[in-house]
Amino acid sequence: MPVPATSVPCPSAGPQRTMKVLLLTGLGALFFAYYWDDNFDPASLQGARVLLTGASAGVGEELAYHYARLGSHLVLTAHTEALLQKVVGNCRKLGAPKVFYIAADMASPETPENVVQFALDKLGGLDYLVLNHIGGVPAGTRARTPQATRWLMQVNFLSYVQLTSRALPSLTDSKGSLVVVSSLLGRVPTSFSTPYSAAKFALDSFFGSLRRELDVQDVNVAITMCVLGLRDRASATEAVRGVTRVKAAPGPKAALAVIRGGATRAAGVFYPWRFHLLCLLRRWLPRPRAWFIRQDLNVTAAAAA
């Protein structure tokens, strides 16, 4: 007599279902966290003393304009004095009560401490140190040479450390904030960006460790790490023209996300928001297939850079 057929549950069905639930829950939490009210109070920035680097173009320029509209006192710095003068003039028109500038080359090891001292002299202290400057590869230098790597590390990492070290006592007194504008390349490595990505990973590690040190020492200085995409500025876009198909993030919107994150003392800011998901996915896919990488790269052009 035939035995009635019975269904046998698949051993992997339970774990698979659990993974799906966890994934959907995580995506929902990300969406909720991004769109939920972050208690941002624009009035909290009125009269705030802000030192902003990389203020002459792109996200940095838009940051300067946002702070000016909100009534902050500003010291702006960047490499090109003529561009800084233009931004300073616009900030005054937008209502900034005090605006000063200092042209500075962060590739010079002596420059960062001089910039902070200038800001302290002009403003009497700091409530915000907003680190936003970036450096590409010097003209005539291949991206992966030792010379280019040393230059990139000085501009994109060591100068950040120097600025922070000099400003930290004043920020400690004011219970202020460090806002670090970094990149997705500091969380997710990609092809043909070796020295630049190394500098950004160093930033993420340094400020993550510093945050823990400050917590242990009960020092009330917030550190906000901002993970942005390709900068919406002529120099950044031109540097990757023909190499990547990724579009630049719009400066005003990215800048506003940075402003809100710094003012609410958030630990992290991701713009666009999907970058948060990409950072999480990196843990599950540590070595993405070459096909996936090629979708956003012109490999021939990148290899020749």
# chains A, B, ... in the order shown; residues from 1 in each chain; ligands from 1
>>> closest_atom_pairs(of="range 40-129 of chain A", to="range 157-172 of chain A", cutoff="6 Å", atoms="only C-alpha atoms", output="tab-separated table")
residue	atom	partner	partner_atom	distance
A:Pro112	CA	A:Leu163	CA	5.2
A:Glu113	CA	A:Leu163	CA	6.0
A:Gly125	CA	A:Ser170	CA	5.7
A:Leu126	CA	A:Leu171	CA	5.8
A:Asp127	CA	A:Leu171	CA	5.8
>>> write_last_selection(atoms="N, CA, C and O atoms", output="JSON list (two decimals), in the first residue's frame")
[["chain", "number", "residue", "atom", "x", "y", "z"],
["A", 112, "PRO", "N", 48.50, 74.51, 8.18],
["A", 112, "PRO", "CA", 47.30, 74.26, 8.98],
["A", 112, "PRO", "C", 47.27, 74.95, 10.33],
["A", 112, "PRO", "O", 46.24, 75.55, 10.71],
["A", 113, "GLU", "N", 48.35, 74.90, 11.08],
["A", 113, "GLU", "CA", 48.36, 75.55, 12.39],
["A", 113, "GLU", "C", 48.23, 77.07, 12.26],
["A", 113, "GLU", "O", 47.58, 77.71, 13.10],
["A", 125, "GLY", "N", 37.79, 82.27, 19.33],
["A", 125, "GLY", "CA", 37.50, 80.88, 19.68],
["A", 125, "GLY", "C", 36.72, 80.23, 18.55],
["A", 125, "GLY", "O", 36.35, 80.89, 17.56],
["A", 126, "LEU", "N", 36.46, 78.93, 18.68],
["A", 126, "LEU", "CA", 35.75, 78.21, 17.63],
["A", 126, "LEU", "C", 34.63, 77.36, 18.24],
["A", 126, "LEU", "O", 34.80, 76.75, 19.30],
["A", 127, "ASP", "N", 33.50, 77.35, 17.54],
["A", 127, "ASP", "CA", 32.41, 76.44, 17.87],
["A", 127, "ASP", "C", 32.34, 75.30, 16.86],
["A", 127, "ASP", "O", 31.88, 74.20, 17.20]]
>>> residues_around(residues="Lys86 in chain A", least_positions_apart="5", cutoff="9 Å", atoms="only C-alpha atoms", output="MDAnalysis selection string")
chainID A and resid 56 81 91
>>> write_last_selection(atoms="N, CA, C and O atoms", output="compact mmCIF listing (two decimals), in the first residue's frame")
# COMPACT_ATOMS: atom_id res chain seq x y z
N SER A 56 36.13 77.76 -1.35
CA SER A 56 36.10 78.61 -2.54
C SER A 56 35.22 78.09 -3.67
O SER A 56 34.93 78.81 -4.62
N GLU A 81 43.08 82.86 -3.65
CA GLU A 81 42.59 84.07 -2.98
C GLU A 81 41.48 84.76 -3.74
O GLU A 81 40.50 85.23 -3.14
N CYS A 91 28.98 86.16 1.04
CA CYS A 91 28.57 85.86 2.42
C CYS A 91 28.13 87.13 3.15
O CYS A 91 27.16 87.11 3.92
>>> residues_around(residues="Gly268 in chain A", least_positions_apart="4", cutoff="12 Å", atoms="only C-alpha atoms", output="ChimeraX atom specification")
/A:33-34,178-183,204,207-208,211,222-228,257-264,273,275-276,279
>>> closest_residue(among="A:Phe118, A:Tyr196, A:Tyr65, A:Phe201", to="Lys93 in chain A", atoms="only C-alpha atoms")
A:Tyr65
>>> atom_distance(atom1="CA of Leu52 in chain A", atom2="CA of Leu123 in chain A")
12.7 Å
>>> select_by_dssp(residues="range 140-209 of chain A", states="alpha helix (DSSP H)", output="count of residues only")
40
